[in-house]
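A.B. asks: query.cif is reproduced in full below (mmCIF, N, CA and C atoms and all ligand atoms).
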data_query
loop_
_atom_site.label_atom_id
_atom_site.label_comp_id
_atom_site.auth_asym_id
_atom_site.auth_seq_id
_atom_site.Cartn_x
_atom_site.Cartn_y
_atom_site.Cartn_z
N MET A 1 0.84 -1.21 0.00
CA MET A 1 0.00 0.00 0.00
C MET A 1 0.87 1.26 0.00
N LYS A 2 1.93 1.21 0.80
CA LYS A 2 2.83 2.36 0.90
C LYS A 2 3.45 2.70 -0.46
N ARG A 3 3.77 1.62 -1.19
CA ARG A 3 4.43 1.78 -2.49
C ARG A 3 3.49 2.52 -3.45
N TYR A 4 2.23 2.15 -3.46
CA TYR A 4 1.25 2.79 -4.35
C TYR A 4 1.11 4.27 -4.03
N PHE A 5 1.17 4.54 -2.74
CA PHE A 5 1.03 5.92 -2.31
C PHE A 5 2.19 6.76 -2.87
N GLY A 6 3.37 6.15 -2.86
CA GLY A 6 4.56 6.82 -3.39
C GLY A 6 4.41 7.11 -4.87
N ILE A 7 3.92 6.14 -5.59
CA ILE A 7 3.71 6.31 -7.04
C ILE A 7 2.69 7.41 -7.28
N PHE A 8 1.64 7.37 -6.48
CA PHE A 8 0.57 8.36 -6.60
C PHE A 8 1.12 9.77 -6.38
N LEU A 9 1.95 9.92 -5.36
CA LEU A 9 2.56 11.22 -5.07
C LEU A 9 3.43 11.70 -6.23
N ALA A 10 4.23 10.77 -6.76
CA ALA A 10 5.13 11.09 -7.86
C ALA A 10 4.33 11.57 -9.07
N LEU A 11 3.20 10.91 -9.31
CA LEU A 11 2.33 11.28 -10.43
C LEU A 11 1.81 12.70 -10.28
N ILE A 12 1.29 12.99 -9.09
CA ILE A 12 0.75 14.33 -8.83
C ILE A 12 1.84 15.39 -9.03
N LEU A 13 3.02 15.09 -8.53
CA LEU A 13 4.14 16.01 -8.63
C LEU A 13 4.49 16.27 -10.09
N THR A 14 4.55 15.22 -10.88
CA THR A 14 4.88 15.34 -12.30
C THR A 14 3.86 16.21 -13.02
N VAL A 15 2.59 15.94 -12.77
CA VAL A 15 1.53 16.68 -13.44
C VAL A 15 1.58 18.17 -13.08
N SER A 16 1.77 18.47 -11.80
CA SER A 16 1.77 19.88 -11.41
C SER A 16 3.02 20.59 -11.92
N LEU A 17 4.13 19.90 -11.97
CA LEU A 17 5.36 20.50 -12.51
C LEU A 17 5.18 20.83 -13.99
N ALA A 18 4.56 19.91 -14.73
CA ALA A 18 4.32 20.12 -16.16
C ALA A 18 3.42 21.33 -16.36
N ASN A 19 2.43 21.47 -15.48
CA ASN A 19 1.52 22.61 -15.55
C ASN A 19 2.25 23.93 -15.35
N ILE A 20 3.11 23.95 -14.35
CA ILE A 20 3.85 25.17 -14.04
C ILE A 20 4.75 25.58 -15.20
N SER A 21 5.47 24.62 -15.77
CA SER A 21 6.38 24.97 -16.86
C SER A 21 5.61 25.39 -18.11
N ALA A 22 4.43 24.81 -18.32
CA ALA A 22 3.60 25.21 -19.46
C ALA A 22 3.17 26.66 -19.31
N ARG A 23 2.83 27.05 -18.08
CA ARG A 23 2.41 28.42 -17.84
C ARG A 23 3.58 29.39 -18.01
N ALA A 24 4.75 28.98 -17.54
CA ALA A 24 5.94 29.82 -17.67
C ALA A 24 6.25 30.06 -19.14
N GLU A 25 6.07 29.04 -19.94
CA GLU A 25 6.31 29.11 -21.38
C GLU A 25 5.39 30.16 -22.01
N GLU A 26 4.16 30.18 -21.57
CA GLU A 26 3.18 31.11 -22.13
C GLU A 26 3.52 32.56 -21.82
N THR A 27 3.89 32.82 -20.56
CA THR A 27 4.12 34.20 -20.15
C THR A 27 5.48 34.71 -20.63
N LYS A 28 6.32 33.81 -21.07
CA LYS A 28 7.65 34.18 -21.52
C LYS A 28 7.59 35.06 -22.77
N PHE A 29 6.60 34.81 -23.61
CA PHE A 29 6.52 35.50 -24.90
C PHE A 29 5.71 36.78 -24.84
N GLN A 30 6.16 37.73 -25.66
CA GLN A 30 5.41 38.98 -25.81
C GLN A 30 4.96 39.09 -27.25
N THR A 31 3.92 39.88 -27.47
CA THR A 31 3.41 40.04 -28.82
C THR A 31 3.60 41.47 -29.30
N VAL A 32 4.01 41.61 -30.56
CA VAL A 32 4.15 42.94 -31.13
C VAL A 32 3.50 42.96 -32.50
N LYS A 33 2.89 44.10 -32.85
CA LYS A 33 2.31 44.27 -34.17
C LYS A 33 3.11 45.32 -34.91
N ILE A 34 3.55 44.99 -36.11
CA ILE A 34 4.35 45.93 -36.90
C ILE A 34 3.71 46.16 -38.25
N GLN A 35 3.56 47.44 -38.60
CA GLN A 35 2.99 47.80 -39.90
C GLN A 35 4.07 47.64 -40.97
N THR A 36 3.80 46.81 -41.98
CA THR A 36 4.76 46.62 -43.05
C THR A 36 4.21 47.16 -44.37
N SER A 37 5.02 47.04 -45.43
CA SER A 37 4.58 47.50 -46.74
C SER A 37 4.38 46.31 -47.68
N ALA A 38 4.01 45.15 -47.13
CA ALA A 38 3.79 43.94 -47.93
C ALA A 38 2.68 44.18 -48.95
N VAL A 39 2.83 43.55 -50.12
CA VAL A 39 1.84 43.73 -51.19
C VAL A 39 1.05 42.45 -51.45
N CYS A 40 1.77 41.34 -51.59
CA CYS A 40 1.10 40.10 -51.99
C CYS A 40 1.52 38.91 -51.12
N ASP A 41 1.03 37.73 -51.49
CA ASP A 41 1.35 36.50 -50.77
C ASP A 41 2.84 36.24 -50.70
N ASN A 42 3.49 36.59 -51.80
CA ASN A 42 4.93 36.45 -51.91
C ASN A 42 5.65 37.22 -50.80
N CYS A 43 5.19 38.44 -50.60
CA CYS A 43 5.77 39.31 -49.57
C CYS A 43 5.53 38.70 -48.20
N LYS A 44 4.31 38.22 -48.00
CA LYS A 44 3.93 37.62 -46.72
C LYS A 44 4.90 36.48 -46.38
N THR A 45 5.09 35.57 -47.34
CA THR A 45 5.99 34.45 -47.13
C THR A 45 7.41 34.92 -46.86
N ARG A 46 7.86 35.90 -47.66
CA ARG A 46 9.24 36.37 -47.53
C ARG A 46 9.49 36.99 -46.16
N ILE A 47 8.58 37.83 -45.72
CA ILE A 47 8.76 38.50 -44.43
C ILE A 47 8.68 37.50 -43.28
N GLU A 48 7.67 36.64 -43.31
CA GLU A 48 7.52 35.66 -42.23
C GLU A 48 8.74 34.74 -42.14
N LYS A 49 9.21 34.31 -43.30
CA LYS A 49 10.38 33.42 -43.34
C LYS A 49 11.58 34.10 -42.69
N ALA A 50 11.81 35.35 -43.07
CA ALA A 50 12.95 36.09 -42.54
C ALA A 50 12.82 36.26 -41.03
N VAL A 51 11.63 36.65 -40.58
CA VAL A 51 11.42 36.89 -39.15
C VAL A 51 11.57 35.59 -38.35
N ASN A 52 11.01 34.51 -38.88
CA ASN A 52 11.06 33.23 -38.16
C ASN A 52 12.48 32.70 -37.99
N LYS A 53 13.39 33.18 -38.83
CA LYS A 53 14.77 32.72 -38.73
C LYS A 53 15.49 33.34 -37.53
N LEU A 54 14.97 34.44 -37.05
CA LEU A 54 15.58 35.10 -35.89
C LEU A 54 15.45 34.22 -34.66
N ASP A 55 16.46 34.25 -33.82
CA ASP A 55 16.41 33.50 -32.58
C ASP A 55 15.41 34.18 -31.64
N GLY A 56 14.55 33.40 -31.01
CA GLY A 56 13.61 33.96 -30.04
C GLY A 56 12.24 34.27 -30.60
N ILE A 57 12.00 33.91 -31.86
CA ILE A 57 10.68 34.13 -32.44
C ILE A 57 9.84 32.87 -32.26
N GLN A 58 8.67 33.03 -31.65
CA GLN A 58 7.80 31.87 -31.46
C GLN A 58 6.95 31.66 -32.70
N LYS A 59 6.28 32.73 -33.15
CA LYS A 59 5.51 32.64 -34.38
C LYS A 59 5.26 34.02 -34.94
N SER A 60 4.96 34.07 -36.24
CA SER A 60 4.64 35.35 -36.86
C SER A 60 3.55 35.13 -37.90
N ASP A 61 2.69 36.12 -38.02
CA ASP A 61 1.62 36.01 -39.01
C ASP A 61 1.32 37.38 -39.60
N LEU A 62 1.44 37.47 -40.92
CA LEU A 62 1.19 38.73 -41.58
C LEU A 62 -0.20 38.73 -42.20
N ASP A 63 -0.97 39.74 -41.87
CA ASP A 63 -2.31 39.89 -42.43
C ASP A 63 -2.20 40.81 -43.64
N LEU A 64 -2.47 40.25 -44.81
CA LEU A 64 -2.27 41.03 -46.05
C LEU A 64 -3.27 42.16 -46.19
N GLU A 65 -4.40 42.04 -45.52
CA GLU A 65 -5.41 43.08 -45.64
C GLU A 65 -4.95 44.37 -44.96
N THR A 66 -4.37 44.22 -43.79
CA THR A 66 -3.90 45.39 -43.04
C THR A 66 -2.40 45.59 -43.20
N LYS A 67 -1.71 44.56 -43.73
CA LYS A 67 -0.24 44.56 -43.87
C LYS A 67 0.47 44.60 -42.52
N ILE A 68 -0.26 44.22 -41.50
CA ILE A 68 0.32 44.20 -40.16
C ILE A 68 0.79 42.79 -39.83
N ILE A 69 2.03 42.69 -39.37
CA ILE A 69 2.55 41.39 -38.96
C ILE A 69 2.51 41.30 -37.44
N THR A 70 1.92 40.22 -36.95
CA THR A 70 1.83 39.99 -35.52
C THR A 70 2.87 38.94 -35.15
N ILE A 71 3.74 39.29 -34.21
CA ILE A 71 4.86 38.42 -33.87
C ILE A 71 4.90 38.12 -32.38
N SER A 72 5.02 36.84 -32.05
CA SER A 72 5.26 36.43 -30.66
C SER A 72 6.75 36.20 -30.51
N TYR A 73 7.34 36.87 -29.54
CA TYR A 73 8.78 36.73 -29.38
C TYR A 73 9.18 36.65 -27.91
N ASP A 74 10.39 36.15 -27.70
CA ASP A 74 10.94 36.02 -26.37
C ASP A 74 11.81 37.25 -26.10
N PRO A 75 11.36 38.16 -25.23
CA PRO A 75 12.11 39.41 -25.00
C PRO A 75 13.52 39.18 -24.45
N ALA A 76 13.78 37.99 -23.93
CA ALA A 76 15.13 37.70 -23.42
C ALA A 76 16.10 37.45 -24.56
N LYS A 77 15.56 37.10 -25.73
CA LYS A 77 16.43 36.73 -26.85
C LYS A 77 16.45 37.73 -27.99
N VAL A 78 15.35 38.47 -28.16
CA VAL A 78 15.26 39.36 -29.32
C VAL A 78 14.41 40.57 -28.93
N ASN A 79 14.61 41.70 -29.62
CA ASN A 79 13.80 42.87 -29.32
C ASN A 79 13.14 43.42 -30.59
N VAL A 80 12.19 44.31 -30.39
CA VAL A 80 11.40 44.84 -31.50
C VAL A 80 12.28 45.56 -32.51
N GLU A 81 13.28 46.30 -31.99
CA GLU A 81 14.20 47.02 -32.86
C GLU A 81 14.88 46.07 -33.86
N LYS A 82 15.33 44.93 -33.34
CA LYS A 82 16.00 43.92 -34.18
C LYS A 82 15.05 43.39 -35.25
N ILE A 83 13.83 43.11 -34.84
CA ILE A 83 12.84 42.55 -35.76
C ILE A 83 12.54 43.56 -36.87
N LYS A 84 12.35 44.83 -36.48
CA LYS A 84 12.05 45.88 -37.47
C LYS A 84 13.20 46.05 -38.45
N THR A 85 14.43 46.05 -37.93
CA THR A 85 15.60 46.19 -38.78
C THR A 85 15.65 45.07 -39.81
N LEU A 86 15.36 43.85 -39.35
CA LEU A 86 15.37 42.70 -40.26
C LEU A 86 14.33 42.88 -41.37
N ILE A 87 13.15 43.36 -41.01
CA ILE A 87 12.09 43.55 -42.00
C ILE A 87 12.54 44.59 -43.05
N THR A 88 13.19 45.67 -42.60
CA THR A 88 13.65 46.67 -43.55
C THR A 88 14.75 46.09 -44.44
N LYS A 89 15.57 45.22 -43.87
CA LYS A 89 16.64 44.60 -44.68
C LYS A 89 16.08 43.57 -45.65
N THR A 90 14.85 43.15 -45.43
CA THR A 90 14.19 42.22 -46.35
C THR A 90 13.57 43.01 -47.50
N GLY A 91 13.49 44.33 -47.34
CA GLY A 91 12.98 45.19 -48.41
C GLY A 91 11.63 45.83 -48.14
N TYR A 92 11.23 45.82 -46.88
CA TYR A 92 9.91 46.36 -46.54
C TYR A 92 9.98 47.38 -45.42
N ASP A 93 8.99 48.28 -45.40
CA ASP A 93 8.90 49.23 -44.29
C ASP A 93 8.47 48.49 -43.03
N ALA A 94 8.92 48.96 -41.89
CA ALA A 94 8.50 48.42 -40.60
C ALA A 94 8.19 49.60 -39.70
N ASP A 95 6.90 49.87 -39.55
CA ASP A 95 6.44 51.06 -38.82
C ASP A 95 7.13 52.31 -39.36
N GLU A 96 7.87 53.02 -38.47
CA GLU A 96 8.48 54.29 -38.89
C GLU A 96 9.77 54.07 -39.67
N MET A 97 10.27 52.83 -39.70
CA MET A 97 11.53 52.56 -40.40
C MET A 97 11.28 52.23 -41.87
N LYS A 98 12.06 52.88 -42.74
CA LYS A 98 11.88 52.70 -44.18
C LYS A 98 12.64 51.48 -44.68
N ALA A 99 12.13 50.88 -45.75
CA ALA A 99 12.76 49.71 -46.35
C ALA A 99 14.17 50.02 -46.83
N ASP A 100 15.06 49.06 -46.66
CA ASP A 100 16.42 49.17 -47.16
C ASP A 100 16.36 49.26 -48.69
N LYS A 101 16.97 50.31 -49.25
CA LYS A 101 16.84 50.56 -50.69
C LYS A 101 17.38 49.41 -51.54
N LYS A 102 18.55 48.89 -51.15
CA LYS A 102 19.18 47.80 -51.91
C LYS A 102 18.29 46.56 -51.92
N ALA A 103 17.79 46.21 -50.74
CA ALA A 103 16.94 45.02 -50.62
C ALA A 103 15.66 45.22 -51.41
N TYR A 104 15.14 46.45 -51.37
CA TYR A 104 13.90 46.75 -52.07
C TYR A 104 14.04 46.57 -53.58
N THR A 105 15.16 47.02 -54.14
CA THR A 105 15.35 46.91 -55.59
C THR A 105 15.46 45.45 -56.02
N LYS A 106 15.83 44.58 -55.09
CA LYS A 106 15.96 43.16 -55.43
C LYS A 106 14.63 42.42 -55.42
N LEU A 107 13.59 43.05 -54.91
CA LEU A 107 12.28 42.39 -54.84
C LEU A 107 11.69 42.21 -56.23
N PRO A 108 10.91 41.16 -56.44
CA PRO A 108 10.22 41.02 -57.73
C PRO A 108 9.30 42.22 -57.96
N SER A 109 9.09 42.60 -59.20
CA SER A 109 8.34 43.83 -59.47
C SER A 109 6.92 43.80 -58.88
N CYS A 110 6.34 42.61 -58.77
CA CYS A 110 4.97 42.53 -58.22
C CYS A 110 4.95 42.93 -56.75
N CYS A 111 6.10 42.90 -56.11
CA CYS A 111 6.17 43.16 -54.69
C CYS A 111 6.51 44.61 -54.38
N LYS A 112 6.68 45.42 -55.41
CA LYS A 112 7.04 46.81 -55.16
C LYS A 112 5.79 47.67 -55.01
N VAL A 113 5.88 48.59 -54.06
CA VAL A 113 4.72 49.42 -53.75
C VAL A 113 4.36 50.29 -54.93
N ASP A 114 5.42 50.86 -55.57
CA ASP A 114 5.18 51.76 -56.71
C ASP A 114 5.61 51.05 -58.00
N SER A 115 4.91 49.96 -58.35
CA SER A 115 5.29 49.20 -59.54
C SER A 115 5.09 50.05 -60.79
N GLU A 116 6.24 50.49 -61.36
CA GLU A 116 6.17 51.34 -62.53
C GLU A 116 5.99 50.48 -63.79
CU CU A 201 4.87 40.56 -53.02
#
Translate this file's structure into structure tokens.
Ligand SMILES: [Cu+2]

C.D. replies:
Amino acid sequence: MKRYFGIFLALILTVSLANISARAEETKFQTVKIQTSAVCDNCKTRIEKAVNKLDGIQKSDLDLETKIITISYDPAKVNVEKIKTLITKTGYDADEMKADKKAYTKLPSCCKVDSE
């Protein structure tokens, strides 16, 4: 009987520990919304891919209707400034930061805001 009680205790302990770490994982991440200059699906994929490569990014999703990208990130590993800089280096505006000119010229013509 004593042995079963021990197993029972161990089980409870395991379950509650798993719960605590799951909660810690959730609160670890912060969310930021950044206005970009994405035009099409291509842009969406390109920006999300670039952002997801950064260390500390949990997930990112760009809404093409508003051109706003919503990003969950770990503030201990990455900051908003870094994320915005990366987006500009990919060729797109990020809030008040303008797209890197060189990167922008490399974009396919369908992805340019002022497609001449
Ligand atoms: Cu595009």

A.B. asks: Going by DSSP on the backbone, which bits of chain A are alpha helix (DSSP H)? Write them as number ranges by chain, please.

C.D. replies: A: 2-28, 41-53, 80-90, 101-105

A.B. asks: What do you get as a list of chain:residue names if you pick all residues at most 8 Å from ligand CU 201 (chain A), counting only C-alpha atoms and all ligand atoms?

C.D. replies: A:Ala38, A:Val39, A:Cys40, A:Asp41, A:Asn42, A:Cys43, A:Lys44, A:Leu107, A:Pro108, A:Cys110, A:Cys111, A:Lys112

A.B. asks: If we draw a sphere of 8 Å around (10.6, 45.8, -44.5), which residues have at least one atom in it when counting only C-alpha atoms? Please report them as a PDB file with N, CA and C atoms, in the frame of the given file.

C.D. replies:
ATOM      1  N   THR A  36       3.800  46.810 -41.980  1.00  0.00           N
ATOM      2  CA  THR A  36       4.760  46.620 -43.050  1.00  0.00           C
ATOM      3  C   THR A  36       4.210  47.160 -44.370  1.00  0.00           C
ATOM      4  N   SER A  37       5.020  47.040 -45.430  1.00  0.00           N
ATOM      5  CA  SER A  37       4.580  47.500 -46.740  1.00  0.00           C
ATOM      6  C   SER A  37       4.380  46.310 -47.680  1.00  0.00           C
ATOM      7  N   ALA A  38       4.010  45.150 -47.130  1.00  0.00           N
ATOM      8  CA  ALA A  38       3.790  43.940 -47.930  1.00  0.00           C
ATOM      9  C   ALA A  38       2.680  44.180 -48.950  1.00  0.00           C
ATOM     10  N   ILE A  47       8.580  37.830 -45.720  1.00  0.00           N
ATOM     11  CA  ILE A  47       8.760  38.500 -44.430  1.00  0.00           C
ATOM     12  C   ILE A  47       8.680  37.500 -43.280  1.00  0.00           C
ATOM     13  N   LYS A  84      12.350  44.830 -36.480  1.00  0.00           N
ATOM     14  CA  LYS A  84      12.050  45.880 -37.470  1.00  0.00           C
ATOM     15  C   LYS A  84      13.200  46.050 -38.450  1.00  0.00           C
ATOM     16  N   THR A  85      14.430  46.050 -37.930  1.00  0.00           N
ATOM     17  CA  THR A  85      15.600  46.190 -38.780  1.00  0.00           C
ATOM     18  C   THR A  85      15.650  45.070 -39.810  1.00  0.00           C
ATOM     19  N   LEU A  86      15.360  43.850 -39.350  1.00  0.00           N
ATOM     20  CA  LEU A  86      15.370  42.700 -40.260  1.00  0.00           C
ATOM     21  C   LEU A  86      14.330  42.880 -41.370  1.00  0.00           C
ATOM     22  N   ILE A  87      13.150  43.360 -41.010  1.00  0.00           N
ATOM     23  CA  ILE A  87      12.090  43.550 -42.000  1.00  0.00           C
ATOM     24  C   ILE A  87      12.540  44.590 -43.050  1.00  0.00           C
ATOM     25  N   THR A  88      13.190  45.670 -42.600  1.00  0.00           N
ATOM     26  CA  THR A  88      13.650  46.670 -43.550  1.00  0.00           C
ATOM     27  C   THR A  88      14.750  46.090 -44.440  1.00  0.00           C
ATOM     28  N   LYS A  89      15.570  45.220 -43.870  1.00  0.00           N
ATOM     29  CA  LYS A  89      16.640  44.600 -44.680  1.00  0.00           C
ATOM     30  C   LYS A  89      16.080  43.570 -45.650  1.00  0.00           C
ATOM     31  N   THR A  90      14.850  43.150 -45.430  1.00  0.00           N
ATOM     32  CA  THR A  90      14.190  42.220 -46.350  1.00  0.00           C
ATOM     33  C   THR A  90      13.570  43.010 -47.500  1.00  0.00           C
ATOM     34  N   GLY A  91      13.490  44.330 -47.340  1.00  0.00           N
ATOM     35  CA  GLY A  91      12.980  45.190 -48.410  1.00  0.00           C
ATOM     36  C   GLY A  91      11.630  45.830 -48.140  1.00  0.00           C
ATOM     37  N   TYR A  92      11.230  45.820 -46.880  1.00  0.00           N
ATOM     38  CA  TYR A  92       9.910  46.360 -46.540  1.00  0.00           C
ATOM     39  C   TYR A  92       9.980  47.380 -45.420  1.00  0.00           C
ATOM     40  N   ASP A  93       8.990  48.280 -45.400  1.00  0.00           N
ATOM     41  CA  ASP A  93       8.900  49.230 -44.290  1.00  0.00           C
ATOM     42  C   ASP A  93       8.470  48.490 -43.030  1.00  0.00           C
ATOM     43  N   ALA A  94       8.920  48.960 -41.890  1.00  0.00           N
ATOM     44  CA  ALA A  94       8.500  48.420 -40.600  1.00  0.00           C
ATOM     45  C   ALA A  94       8.190  49.600 -39.700  1.00  0.00           C
ATOM     46  N   MET A  97      10.270  52.830 -39.700  1.00  0.00           N
ATOM     47  CA  MET A  97      11.530  52.560 -40.400  1.00  0.00           C
ATOM     48  C   MET A  97      11.280  52.230 -41.870  1.00  0.00           C
ATOM     49  N   LYS A  98      12.060  52.880 -42.740  1.00  0.00           N
ATOM     50  CA  LYS A  98      11.880  52.700 -44.180  1.00  0.00           C
ATOM     51  C   LYS A  98      12.640  51.480 -44.680  1.00  0.00           C
ATOM     52  N   ALA A  99      12.130  50.880 -45.750  1.00  0.00           N
ATOM     53  CA  ALA A  99      12.760  49.710 -46.350  1.00  0.00           C
ATOM     54  C   ALA A  99      14.170  50.020 -46.830  1.00  0.00           C
ATOM     55  N   ASP A 100      15.060  49.060 -46.660  1.00  0.00           N
ATOM     56  CA  ASP A 100      16.420  49.170 -47.160  1.00  0.00           C
ATOM     57  C   ASP A 100      16.360  49.260 -48.690  1.00  0.00           C
TER      58      ASP A 100
END

A.B. asks: Atom C of Thr27 in chain A and atom N of Lys49 in chain A, how far apart in Å?

C.D. replies: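 A separation of 23.0 Å between them.
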
A.B. asks: Between atom N of Lys101 in chain A and atom C of Asn52 in chain A, what is the distance in Å, rounded to a tenth?

C.D. replies: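 That distance, rounded to one decimal, is 21.4 Å.
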
A.B. asks: In Å, rounded to a single decimal, give me how far CA of Ile34 in chain A is from atom C of Leu54 in chain A.

C.D. replies: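 Between atom C of Leu54 in chain A and CA of Ile34 in chain A the gap is 16.3 Å.
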
A.B. asks: Which is closer to Ile69 in chain A than all the others in A:Lys33, A:Lys102, A:Lys53, A:Lys2, using only N, CA and C atoms?

C.D. replies: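 Looking only at the distances to Ile69 in chain A, the closest residue turns out to be A:Lys33.
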
A.B. asks: Going by DSSP on the backbone, which bits of range 7-78 of chain A are strand (DSSP E or B)? Write them as a list of chain:residue names, please.

C.D. replies: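 Residues of range 7-78 of chain A classed as strand (DSSP E or B): A:Gln30, A:Thr31, A:Val32, A:Lys33, A:Ile34, A:Gln35, A:Thr36, A:Ile57, A:Gln58, A:Lys59, A:Ser60, A:Asp61, A:Leu62, A:Asp63, A:Ile68, A:Ile69, A:Thr70, A:Ile71, A:Ser72, A:Tyr73.
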
A.B. asks: Check the smallest atom-to-atom distance from each of A:Glu81, A:Arg46, A:Leu17, A:Glu65 to Ala103 in chain A using only C-alpha atoms, then report the winner.

C.D. replies: A:Arg46

A.B. asks: Got a sec: who's within 6 Å of Ile57 in chain A, counting all atoms listed in the file, leaving out chain neighbours fewer than 2 positions off, as a PDB file with N, CA and C atoms, keeping the file's coordinate frame?

C.D. replies:
ATOM      1  N   ASN A  52      11.010  34.510 -38.880  1.00  0.00           N
ATOM      2  CA  ASN A  52      11.060  33.230 -38.160  1.00  0.00           C
ATOM      3  C   ASN A  52      12.480  32.700 -37.990  1.00  0.00           C
ATOM      4  N   LEU A  54      14.970  34.440 -37.050  1.00  0.00           N
ATOM      5  CA  LEU A  54      15.580  35.100 -35.890  1.00  0.00           C
ATOM      6  C   LEU A  54      15.450  34.220 -34.660  1.00  0.00           C
ATOM      7  N   ASP A  55      16.460  34.250 -33.820  1.00  0.00           N
ATOM      8  CA  ASP A  55      16.410  33.500 -32.580  1.00  0.00           C
ATOM      9  C   ASP A  55      15.410  34.180 -31.640  1.00  0.00           C
ATOM     10  N   LYS A  59       6.280  32.730 -33.150  1.00  0.00           N
ATOM     11  CA  LYS A  59       5.510  32.640 -34.380  1.00  0.00           C
ATOM     12  C   LYS A  59       5.260  34.020 -34.940  1.00  0.00           C
ATOM     13  N   SER A  72       5.020  36.840 -32.050  1.00  0.00           N
ATOM     14  CA  SER A  72       5.260  36.430 -30.660  1.00  0.00           C
ATOM     15  C   SER A  72       6.750  36.200 -30.510  1.00  0.00           C
ATOM     16  N   TYR A  73       7.340  36.870 -29.540  1.00  0.00           N
ATOM     17  CA  TYR A  73       8.780  36.730 -29.380  1.00  0.00           C
ATOM     18  C   TYR A  73       9.180  36.650 -27.910  1.00  0.00           C
ATOM     19  N   ASP A  74      10.390  36.150 -27.700  1.00  0.00           N
ATOM     20  CA  ASP A  74      10.940  36.020 -26.370  1.00  0.00           C
ATOM     21  C   ASP A  74      11.810  37.250 -26.100  1.00  0.00           C
TER      22      ASP A  74
END
